[in-house]
Amino acid sequence: MRSTNIRNTITLMAPLKTPRRFLFIASIGNPRPYRSTRHSAGHLLLDALIPHLLPRIPLVSTAPGHKPPGKALFYETWHSPSLMNVSGRKLVRELQRWLSTTQTNVLERVVQPGLVGVVPGANNDNSDAAASLSWERRGVDPHTLNHFHPTLVILHDELEAPLGKVRMKRGGPESASLRGHRGLISVMEQLKAKKLYPPPAQSPGGGLSVVRIGVGIGRPDSREKGSVADYVLTEMNARELAAVRAAVGPVLDILEDELYRETEPVMPRG
């Protein structure tokens, strides 16, 4: 049964299904003065994505005293403050913080006990809610979430791909080439150094998953030396920015599918 209080309170639902996974959504690019360049398309994509996430996945804590009220439970967003080629160190440090706090403060203290509600307006016929009601019709009983299932989602620019084209790849270089992308290489090197990915075979729930989402920025006309650097460090024009923002729809679909994805069983080695 549902009980709805005043408009600005959380809607309580019992029983409420919840996603299987938790997402750390990180963008890599360059800081100012290169924040609006093609090489920072991942940042620009995350900027455009953030306002649509909570309407699409409107699940928040109802735990007494849980702060801040209305904070999303199943995902966190983060823009890398580093230069692209050295993105890995700070990203992985922030990821480790998130892994620890999400397992203890969110999964164990909020989600598993079923202290999950829906933000006001989630039932309204707006574009985000109408696009998907997965929070109502998908998911599992939170009491059955015996393991923490985290996914690192990396948003980045995709050189050579058509402008605004979304390309999703799962895993690291062992499953799909990084295509010389120095930001992705930096992240994957740090994940390996910290033994986060590939996860050990004995990791509960299968360990950390990685999803790479690239948004196309096209390609330079010239193949002369330095043309690629000049191209990626050029600011996006209005048409290019619109193409990146239009990629939000496909990216939301990818993120939602990942949230509800069934976790593969851990297969013993040997």
# chains A, B, ... in the order shown; residues from 1 in each chain; ligands from 1

$ residues_around --residues "Lys71 (chain A)" --least-positions-apart "3" --cutoff "12 Å" --atoms "only C-alpha atoms" --output "list in words"
Ile10, Leu53, Leu54, Ile57, Pro58, Leu59, Val60, Ser61, Thr62, Ala63, His66, Lys67, Pro68, Phe74, Tyr75, Glu76, Thr77, Val106, Val116, Gly117, Val118 and Val119 of chain A

$ write_last_selection --atoms "N, CA, C and O atoms" --output "PDB file, in the first residue's frame"
ATOM      1  N   ILE A  10       8.725  12.294   0.626  1.00  0.00           N
ATOM      2  CA  ILE A  10       8.998  11.113  -0.174  1.00  0.00           C
ATOM      3  C   ILE A  10       7.801  10.174  -0.144  1.00  0.00           C
ATOM      4  O   ILE A  10       7.155  10.006   0.884  1.00  0.00           O
ATOM      5  N   LEU A  53      18.733  12.098 -14.365  1.00  0.00           N
ATOM      6  CA  LEU A  53      18.958  10.841 -13.660  1.00  0.00           C
ATOM      7  C   LEU A  53      17.929  10.581 -12.567  1.00  0.00           C
ATOM      8  O   LEU A  53      17.340   9.496 -12.502  1.00  0.00           O
ATOM      9  N   LEU A  54      17.708  11.539 -11.691  1.00  0.00           N
ATOM     10  CA  LEU A  54      16.775  11.309 -10.589  1.00  0.00           C
ATOM     11  C   LEU A  54      15.333  11.142 -11.077  1.00  0.00           C
ATOM     12  O   LEU A  54      14.615  10.273 -10.568  1.00  0.00           O
ATOM     13  N   ILE A  57      15.405   7.563 -12.327  1.00  0.00           N
ATOM     14  CA  ILE A  57      15.666   6.564 -11.281  1.00  0.00           C
ATOM     15  C   ILE A  57      15.366   7.236  -9.936  1.00  0.00           C
ATOM     16  O   ILE A  57      16.288   7.610  -9.198  1.00  0.00           O
ATOM     17  N   PRO A  58      14.098   7.414  -9.591  1.00  0.00           N
ATOM     18  CA  PRO A  58      13.723   8.296  -8.472  1.00  0.00           C
ATOM     19  C   PRO A  58      13.719   7.630  -7.106  1.00  0.00           C
ATOM     20  O   PRO A  58      12.875   7.921  -6.266  1.00  0.00           O
ATOM     21  N   LEU A  59      14.668   6.748  -6.858  1.00  0.00           N
ATOM     22  CA  LEU A  59      14.698   5.981  -5.610  1.00  0.00           C
ATOM     23  C   LEU A  59      15.651   6.633  -4.607  1.00  0.00           C
ATOM     24  O   LEU A  59      16.833   6.819  -4.895  1.00  0.00           O
ATOM     25  N   VAL A  60      15.127   6.957  -3.440  1.00  0.00           N
ATOM     26  CA  VAL A  60      15.895   7.664  -2.414  1.00  0.00           C
ATOM     27  C   VAL A  60      15.659   7.013  -1.052  1.00  0.00           C
ATOM     28  O   VAL A  60      14.784   6.168  -0.889  1.00  0.00           O
ATOM     29  N   SER A  61      16.455   7.436  -0.091  1.00  0.00           N
ATOM     30  CA  SER A  61      16.371   6.858   1.251  1.00  0.00           C
ATOM     31  C   SER A  61      15.178   7.403   2.024  1.00  0.00           C
ATOM     32  O   SER A  61      14.848   8.586   1.947  1.00  0.00           O
ATOM     33  N   THR A  62      14.536   6.513   2.809  1.00  0.00           N
ATOM     34  CA  THR A  62      13.526   6.925   3.787  1.00  0.00           C
ATOM     35  C   THR A  62      14.001   6.650   5.211  1.00  0.00           C
ATOM     36  O   THR A  62      13.215   6.727   6.152  1.00  0.00           O
ATOM     37  N   ALA A  63      15.286   6.330   5.343  1.00  0.00           N
ATOM     38  CA  ALA A  63      15.835   6.036   6.668  1.00  0.00           C
ATOM     39  C   ALA A  63      15.828   7.287   7.529  1.00  0.00           C
ATOM     40  O   ALA A  63      16.238   8.355   7.074  1.00  0.00           O
ATOM     41  N   HIS A  66      18.737  10.069   7.637  1.00  0.00           N
ATOM     42  CA  HIS A  66      19.670   9.895   6.522  1.00  0.00           C
ATOM     43  C   HIS A  66      19.810  11.210   5.775  1.00  0.00           C
ATOM     44  O   HIS A  66      18.830  11.788   5.325  1.00  0.00           O
ATOM     45  N   LYS A  67      21.030  11.699   5.670  1.00  0.00           N
ATOM     46  CA  LYS A  67      21.302  12.996   5.053  1.00  0.00           C
ATOM     47  C   LYS A  67      22.198  12.810   3.820  1.00  0.00           C
ATOM     48  O   LYS A  67      23.042  11.924   3.787  1.00  0.00           O
ATOM     49  N   PRO A  68      22.038  13.699   2.814  1.00  0.00           N
ATOM     50  CA  PRO A  68      20.959  14.679   2.674  1.00  0.00           C
ATOM     51  C   PRO A  68      19.672  14.019   2.220  1.00  0.00           C
ATOM     52  O   PRO A  68      19.715  13.009   1.531  1.00  0.00           O
ATOM     53  N   PHE A  74      21.213   4.755  -5.739  1.00  0.00           N
ATOM     54  CA  PHE A  74      21.807   3.708  -6.562  1.00  0.00           C
ATOM     55  C   PHE A  74      22.856   4.213  -7.550  1.00  0.00           C
ATOM     56  O   PHE A  74      23.383   3.438  -8.339  1.00  0.00           O
ATOM     57  N   TYR A  75      23.148   5.491  -7.506  1.00  0.00           N
ATOM     58  CA  TYR A  75      24.209   6.008  -8.368  1.00  0.00           C
ATOM     59  C   TYR A  75      24.836   7.244  -7.726  1.00  0.00           C
ATOM     60  O   TYR A  75      24.232   7.904  -6.882  1.00  0.00           O
ATOM     61  N   GLU A  76      26.062   7.506  -8.147  1.00  0.00           N
ATOM     62  CA  GLU A  76      26.737   8.756  -7.790  1.00  0.00           C
ATOM     63  C   GLU A  76      27.458   9.249  -9.034  1.00  0.00           C
ATOM     64  O   GLU A  76      27.978   8.443  -9.820  1.00  0.00           O
ATOM     65  N   THR A  77      27.472  10.565  -9.226  1.00  0.00           N
ATOM     66  CA  THR A  77      28.160  11.149 -10.384  1.00  0.00           C
ATOM     67  C   THR A  77      29.395  11.906  -9.934  1.00  0.00           C
ATOM     68  O   THR A  77      29.441  12.454  -8.828  1.00  0.00           O
ATOM     69  N   VAL A 106      24.841   2.669   2.501  1.00  0.00           N
ATOM     70  CA  VAL A 106      23.684   2.624   1.609  1.00  0.00           C
ATOM     71  C   VAL A 106      23.110   1.208   1.500  1.00  0.00           C
ATOM     72  O   VAL A 106      21.958   0.967   1.830  1.00  0.00           O
ATOM     73  N   VAL A 116      13.574   2.413   1.346  1.00  0.00           N
ATOM     74  CA  VAL A 116      13.689   3.069   0.042  1.00  0.00           C
ATOM     75  C   VAL A 116      12.333   3.626  -0.359  1.00  0.00           C
ATOM     76  O   VAL A 116      11.303   2.960  -0.211  1.00  0.00           O
ATOM     77  N   GLY A 117      12.325   4.864  -0.832  1.00  0.00           N
ATOM     78  CA  GLY A 117      11.099   5.501  -1.299  1.00  0.00           C
ATOM     79  C   GLY A 117      11.300   6.148  -2.648  1.00  0.00           C
ATOM     80  O   GLY A 117      12.356   6.017  -3.271  1.00  0.00           O
ATOM     81  N   VAL A 118      10.277   6.861  -3.106  1.00  0.00           N
ATOM     82  CA  VAL A 118      10.286   7.495  -4.424  1.00  0.00           C
ATOM     83  C   VAL A 118      10.115   8.995  -4.246  1.00  0.00           C
ATOM     84  O   VAL A 118       9.257   9.446  -3.474  1.00  0.00           O
ATOM     85  N   VAL A 119      10.909   9.777  -4.939  1.00  0.00           N
ATOM     86  CA  VAL A 119      10.831  11.234  -4.825  1.00  0.00           C
ATOM     87  C   VAL A 119       9.509  11.739  -5.376  1.00  0.00           C
ATOM     88  O   VAL A 119       8.907  11.113  -6.254  1.00  0.00           O
TER      89      VAL A 119
END

$ residues_around --residues "region 244-261 of chain A" --least-positions-apart "6" --cutoff "10 Å" --atoms "only C-alpha atoms" --output "ChimeraX atom specification"
/A:18-23,25,38,41-42,44-50,52-53,56-57,74-75,128,131-132,134-135,138-140,149-151,153,155,157,163-168,209,211,213-217,236

$ select_by_dssp --residues "region 56-150 of chain A" --states "strand (DSSP E or B)" --output "NGL selection string"
:A and (59-61 or 72 or 75-79 or 116-118 or 140 or 150)

$ residues_around --residues "region 186-190 of chain A" --least-positions-apart "2" --cutoff "10 Å" --atoms "only C-alpha atoms" --output "PyMOL selection string"
chain A and resi 28+84-93+154+171-173+178+181-184+192-198+210

$ atom_distance --atom1 "CA of Ser40 (chain A)" --atom2 "CA of Glu240 (chain A)"
12.1 Å

$ atom_distance --atom1 "CA of Leu115 (chain A)" --atom2 "CA of Thr101 (chain A)"
16.7 Å

$ atom_distance --atom1 "CA of Thr37 (chain A)" --atom2 "CA of Lys169 (chain A)"
23.1 Å

$ residues_around --residues "His147 (chain A)" --least-positions-apart "3" --cutoff "12 Å" --atoms "only C-alpha atoms" --output "PyMOL selection string"
chain A and resi 20-22+102-104+107-108+111-112+142-144+150+203-208+263+265

$ select_by_dssp --residues "region 17-246 of chain A" --states "helix (DSSP H, G or I)" --output "PyMOL selection string"
chain A and resi 38-56+84-86+88-111+127-131+134-137+142-144+182-193+204-206+227-232+238-246

$ closest_residue --among "A:Leu191, A:Leu83, A:Val110, A:Leu159" --to "Val228 (chain A)" --atoms "only C-alpha atoms"
A:Leu159

$ decode --residues "region 230-252 of chain A" --atoms "N, CA, C and O atoms" --output "PDB file, in the first residue's frame"
ATOM      1  N   ASP A 230      45.162  19.377 -32.085  1.00  0.00           N
ATOM      2  CA  ASP A 230      44.454  20.635 -32.337  1.00  0.00           C
ATOM      3  C   ASP A 230      42.948  20.405 -32.392  1.00  0.00           C
ATOM      4  O   ASP A 230      42.163  21.211 -31.881  1.00  0.00           O
ATOM      5  N   TYR A 231      42.561  19.302 -32.992  1.00  0.00           N
ATOM      6  CA  TYR A 231      41.133  19.012 -33.167  1.00  0.00           C
ATOM      7  C   TYR A 231      40.453  18.769 -31.823  1.00  0.00           C
ATOM      8  O   TYR A 231      39.403  19.353 -31.528  1.00  0.00           O
ATOM      9  N   VAL A 232      41.029  17.909 -30.989  1.00  0.00           N
ATOM     10  CA  VAL A 232      40.358  17.563 -29.730  1.00  0.00           C
ATOM     11  C   VAL A 232      40.403  18.706 -28.724  1.00  0.00           C
ATOM     12  O   VAL A 232      39.566  18.756 -27.815  1.00  0.00           O
ATOM     13  N   LEU A 233      41.344  19.627 -28.868  1.00  0.00           N
ATOM     14  CA  LEU A 233      41.443  20.746 -27.933  1.00  0.00           C
ATOM     15  C   LEU A 233      40.763  22.009 -28.447  1.00  0.00           C
ATOM     16  O   LEU A 233      40.950  23.094 -27.904  1.00  0.00           O
ATOM     17  N   THR A 234      39.941  21.853 -29.483  1.00  0.00           N
ATOM     18  CA  THR A 234      39.133  22.957 -30.000  1.00  0.00           C
ATOM     19  C   THR A 234      37.766  22.933 -29.329  1.00  0.00           C
ATOM     20  O   THR A 234      37.179  21.872 -29.125  1.00  0.00           O
ATOM     21  N   GLU A 235      37.265  24.126 -28.968  1.00  0.00           N
ATOM     22  CA  GLU A 235      35.968  24.192 -28.296  1.00  0.00           C
ATOM     23  C   GLU A 235      34.852  23.713 -29.221  1.00  0.00           C
ATOM     24  O   GLU A 235      34.874  23.933 -30.431  1.00  0.00           O
ATOM     25  N   MET A 236      33.865  23.066 -28.631  1.00  0.00           N
ATOM     26  CA  MET A 236      32.713  22.611 -29.384  1.00  0.00           C
ATOM     27  C   MET A 236      31.832  23.795 -29.771  1.00  0.00           C
ATOM     28  O   MET A 236      31.630  24.718 -28.974  1.00  0.00           O
ATOM     29  N   ASN A 237      31.288  23.721 -30.988  1.00  0.00           N
ATOM     30  CA  ASN A 237      30.343  24.748 -31.396  1.00  0.00           C
ATOM     31  C   ASN A 237      28.930  24.333 -30.998  1.00  0.00           C
ATOM     32  O   ASN A 237      28.717  23.264 -30.417  1.00  0.00           O
ATOM     33  N   ALA A 238      27.957  25.179 -31.303  1.00  0.00           N
ATOM     34  CA  ALA A 238      26.586  24.926 -30.866  1.00  0.00           C
ATOM     35  C   ALA A 238      26.044  23.616 -31.433  1.00  0.00           C
ATOM     36  O   ALA A 238      25.330  22.874 -30.736  1.00  0.00           O
ATOM     37  N   ARG A 239      26.364  23.300 -32.673  1.00  0.00           N
ATOM     38  CA  ARG A 239      25.875  22.059 -33.283  1.00  0.00           C
ATOM     39  C   ARG A 239      26.459  20.842 -32.581  1.00  0.00           C
ATOM     40  O   ARG A 239      25.756  19.858 -32.316  1.00  0.00           O
ATOM     41  N   GLU A 240      27.731  20.903 -32.248  1.00  0.00           N
ATOM     42  CA  GLU A 240      28.378  19.786 -31.566  1.00  0.00           C
ATOM     43  C   GLU A 240      27.832  19.608 -30.150  1.00  0.00           C
ATOM     44  O   GLU A 240      27.593  18.473 -29.703  1.00  0.00           O
ATOM     45  N   LEU A 241      27.623  20.715 -29.447  1.00  0.00           N
ATOM     46  CA  LEU A 241      27.070  20.636 -28.097  1.00  0.00           C
ATOM     47  C   LEU A 241      25.669  20.024 -28.120  1.00  0.00           C
ATOM     48  O   LEU A 241      25.322  19.208 -27.260  1.00  0.00           O
ATOM     49  N   ALA A 242      24.885  20.397 -29.117  1.00  0.00           N
ATOM     50  CA  ALA A 242      23.536  19.845 -29.238  1.00  0.00           C
ATOM     51  C   ALA A 242      23.586  18.340 -29.483  1.00  0.00           C
ATOM     52  O   ALA A 242      22.760  17.578 -28.962  1.00  0.00           O
ATOM     53  N   ALA A 243      24.569  17.901 -30.268  1.00  0.00           N
ATOM     54  CA  ALA A 243      24.703  16.464 -30.552  1.00  0.00           C
ATOM     55  C   ALA A 243      25.073  15.682 -29.296  1.00  0.00           C
ATOM     56  O   ALA A 243      24.579  14.573 -29.072  1.00  0.00           O
ATOM     57  N   VAL A 244      25.947  16.257 -28.474  1.00  0.00           N
ATOM     58  CA  VAL A 244      26.320  15.597 -27.218  1.00  0.00           C
ATOM     59  C   VAL A 244      25.116  15.520 -26.289  1.00  0.00           C
ATOM     60  O   VAL A 244      24.850  14.484 -25.661  1.00  0.00           O
ATOM     61  N   ARG A 245      24.356  16.602 -26.201  1.00  0.00           N
ATOM     62  CA  ARG A 245      23.186  16.606 -25.324  1.00  0.00           C
ATOM     63  C   ARG A 245      22.125  15.618 -25.810  1.00  0.00           C
ATOM     64  O   ARG A 245      21.420  15.002 -25.008  1.00  0.00           O
ATOM     65  N   ALA A 246      22.035  15.440 -27.113  1.00  0.00           N
ATOM     66  CA  ALA A 246      21.058  14.501 -27.663  1.00  0.00           C
ATOM     67  C   ALA A 246      21.417  13.055 -27.335  1.00  0.00           C
ATOM     68  O   ALA A 246      20.570  12.158 -27.447  1.00  0.00           O
ATOM     69  N   ALA A 247      22.672  12.821 -26.941  1.00  0.00           N
ATOM     70  CA  ALA A 247      23.110  11.472 -26.588  1.00  0.00           C
ATOM     71  C   ALA A 247      22.588  11.040 -25.224  1.00  0.00           C
ATOM     72  O   ALA A 247      22.726   9.870 -24.848  1.00  0.00           O
ATOM     73  N   VAL A 248      21.989  11.956 -24.475  1.00  0.00           N
ATOM     74  CA  VAL A 248      21.509  11.636 -23.122  1.00  0.00           C
ATOM     75  C   VAL A 248      20.505  10.492 -23.148  1.00  0.00           C
ATOM     76  O   VAL A 248      20.548   9.594 -22.293  1.00  0.00           O
ATOM     77  N   GLY A 249      19.584  10.486 -24.105  1.00  0.00           N
ATOM     78  CA  GLY A 249      18.564   9.444 -24.166  1.00  0.00           C
ATOM     79  C   GLY A 249      19.154   8.044 -24.244  1.00  0.00           C
ATOM     80  O   GLY A 249      18.847   7.190 -23.397  1.00  0.00           O
ATOM     81  N   PRO A 250      20.003   7.761 -25.241  1.00  0.00           N
ATOM     82  CA  PRO A 250      20.624   6.431 -25.306  1.00  0.00           C
ATOM     83  C   PRO A 250      21.452   6.084 -24.083  1.00  0.00           C
ATOM     84  O   PRO A 250      21.482   4.929 -23.651  1.00  0.00           O
ATOM     85  N   VAL A 251      22.131   7.077 -23.496  1.00  0.00           N
ATOM     86  CA  VAL A 251      22.954   6.804 -22.312  1.00  0.00           C
ATOM     87  C   VAL A 251      22.077   6.442 -21.121  1.00  0.00           C
ATOM     88  O   VAL A 251      22.400   5.531 -20.350  1.00  0.00           O
ATOM     89  N   LEU A 252      20.964   7.122 -20.952  1.00  0.00           N
ATOM     90  CA  LEU A 252      20.038   6.772 -19.877  1.00  0.00           C
ATOM     91  C   LEU A 252      19.575   5.324 -20.006  1.00  0.00           C
ATOM     92  O   LEU A 252      19.471   4.592 -19.011  1.00  0.00           O
TER      93      LEU A 252
END
